[in-house]
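What follows is a short report on a single structure.
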Amino acid sequence: MQLINIGFGNMVSAGRLIALVTPESAPVKRIIQEARDKGALIDATCGRRTRTVLVMDSDHVVLSAVAPETVGARFENNSEVNSDE
């Protein structure tokens with residue numbers, strides 16, 4: 001199981017990640033609100049502004065204060081390390 005750092009010492013499983021999206025659009029705001037209502041929202045921002053929304057295959061939604069490009073680069077670096085093994 002490979003983990004991706006999403007900021008402030010928080011990590012998510014790379015194998016369970018479906019999408020990385022920015023939180024500005026109305027559909028993403030709806031996804032966040034629906035996850036909050038059903039108790040499937042994980043806020044890993046440590047009180048900072050949400051910059052990335054991670055959608056997991058378990059229907060959990062994770063909020064991160066790290067830029068989507070940064071999380072994506074960490075995911076890519078993680079994938080390259082795994083393909084070398």
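Identifiers in the structure tokens: chain A, B, ... in order shown; residue index from 1 per chain; ligand index from 1 in order shown.
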Which of chain A fall in alpha helix (DSSP H), as an MDAnalysis selection string: chainID A and resid 26:38 68:84
Cut-off 10 Å: closest stretch 34-61 of chain A/stretch 1-7 of chain A atom pairs per residue, using only C-alpha atoms, as a tab-separated table:
```
residue	atom	partner	partner_atom	distance
A:Ala44	CA	A:Gly7	CA	7.7
A:Thr45	CA	A:Gly7	CA	7.7
A:Cys46	CA	A:Gly7	CA	9.1
A:Thr52	CA	A:Ile6	CA	9.0
A:Leu54	CA	A:Ile6	CA	9.3
```
Would you output that residue set with all heavy atoms, as a tab-separated table (two decimals), in the first residue's frame?
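Output (part.tsv):
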```
chain	number	residue	atom	x	y	z
A	44	ALA	N	-8.72	17.63	6.03
A	44	ALA	CA	-7.30	17.56	6.38
A	44	ALA	C	-6.61	18.89	6.10
A	44	ALA	O	-5.41	18.93	5.85
A	44	ALA	CB	-6.63	16.43	5.61
A	45	THR	N	-7.36	19.99	6.17
A	45	THR	CA	-6.80	21.30	5.85
A	45	THR	C	-6.15	21.98	7.04
A	45	THR	O	-5.44	22.97	6.87
A	45	THR	CB	-7.88	22.24	5.30
A	45	THR	OG1	-8.89	22.41	6.30
A	45	THR	CG2	-8.50	21.71	4.02
A	46	CYS	N	-6.40	21.50	8.24
A	46	CYS	CA	-5.87	22.12	9.47
A	46	CYS	C	-6.26	23.59	9.56
A	46	CYS	O	-5.47	24.44	9.94
A	46	CYS	CB	-4.36	21.95	9.56
A	46	CYS	SG	-3.84	20.25	9.75
A	52	THR	N	-7.50	21.49	-2.69
A	52	THR	CA	-7.68	20.25	-3.44
A	52	THR	C	-8.75	19.41	-2.77
A	52	THR	O	-8.80	19.30	-1.55
A	52	THR	CB	-6.37	19.44	-3.48
A	52	THR	OG1	-5.34	20.25	-4.01
A	52	THR	CG2	-6.52	18.20	-4.33
A	54	LEU	N	-10.02	15.51	-2.83
A	54	LEU	CA	-9.66	14.16	-3.25
A	54	LEU	C	-10.89	13.27	-3.11
A	54	LEU	O	-11.48	13.19	-2.02
A	54	LEU	CB	-8.52	13.61	-2.40
A	54	LEU	CG	-7.20	14.35	-2.49
A	54	LEU	CD1	-7.12	15.43	-1.42
A	54	LEU	CD2	-6.06	13.40	-2.32
```
Å distance separating atom CA of A:Arg51 from atom CA of A:Pro68, one decimal place: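 It comes out at 6.8 Å.
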Using only C-alpha atoms: which of A:Ile31, A:Ala14, A:Val55, A:Val61 has the shortest distance to A:Asn82: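 Among the listed residues, the smallest separation from A:Asn82 belongs to A:Ala14.
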Separation of atom CA of A:Thr70 from atom CA of A:Arg49 in Å: 15.2 Å
Straight-line distance linking atom CA of A:Leu41 with atom CA of A:Leu63, stated in Å to one decimal: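 It comes out at 7.7 Å.
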For A:Gln33, the nearest of the candidates A:Gly15, A:Leu20, A:Arg48, A:His60, counting only C-alpha atoms: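 Result for the nearest residue to A:Gln33: A:His60.
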Nearest candidate to A:Gly47 (options A:Ala19, A:Val71, A:Ala65, A:Asn78; using only C-alpha atoms):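 Nearest candidate to A:Gly47 out of A:Ala19, A:Val71, A:Ala65, A:Asn78: A:Ala65.
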Pick from A:Ala40, A:Gly9, A:Pro27, A:Ser79, whichever lies nearest to A:Asp59 using only C-alpha atoms: A:Ala40
A:Ser58 surroundings by only C-alpha atoms, 10 Å radius, close-in-sequence under 5 positions cut, as a PyMOL selection string: chain A and resi 16-18+40
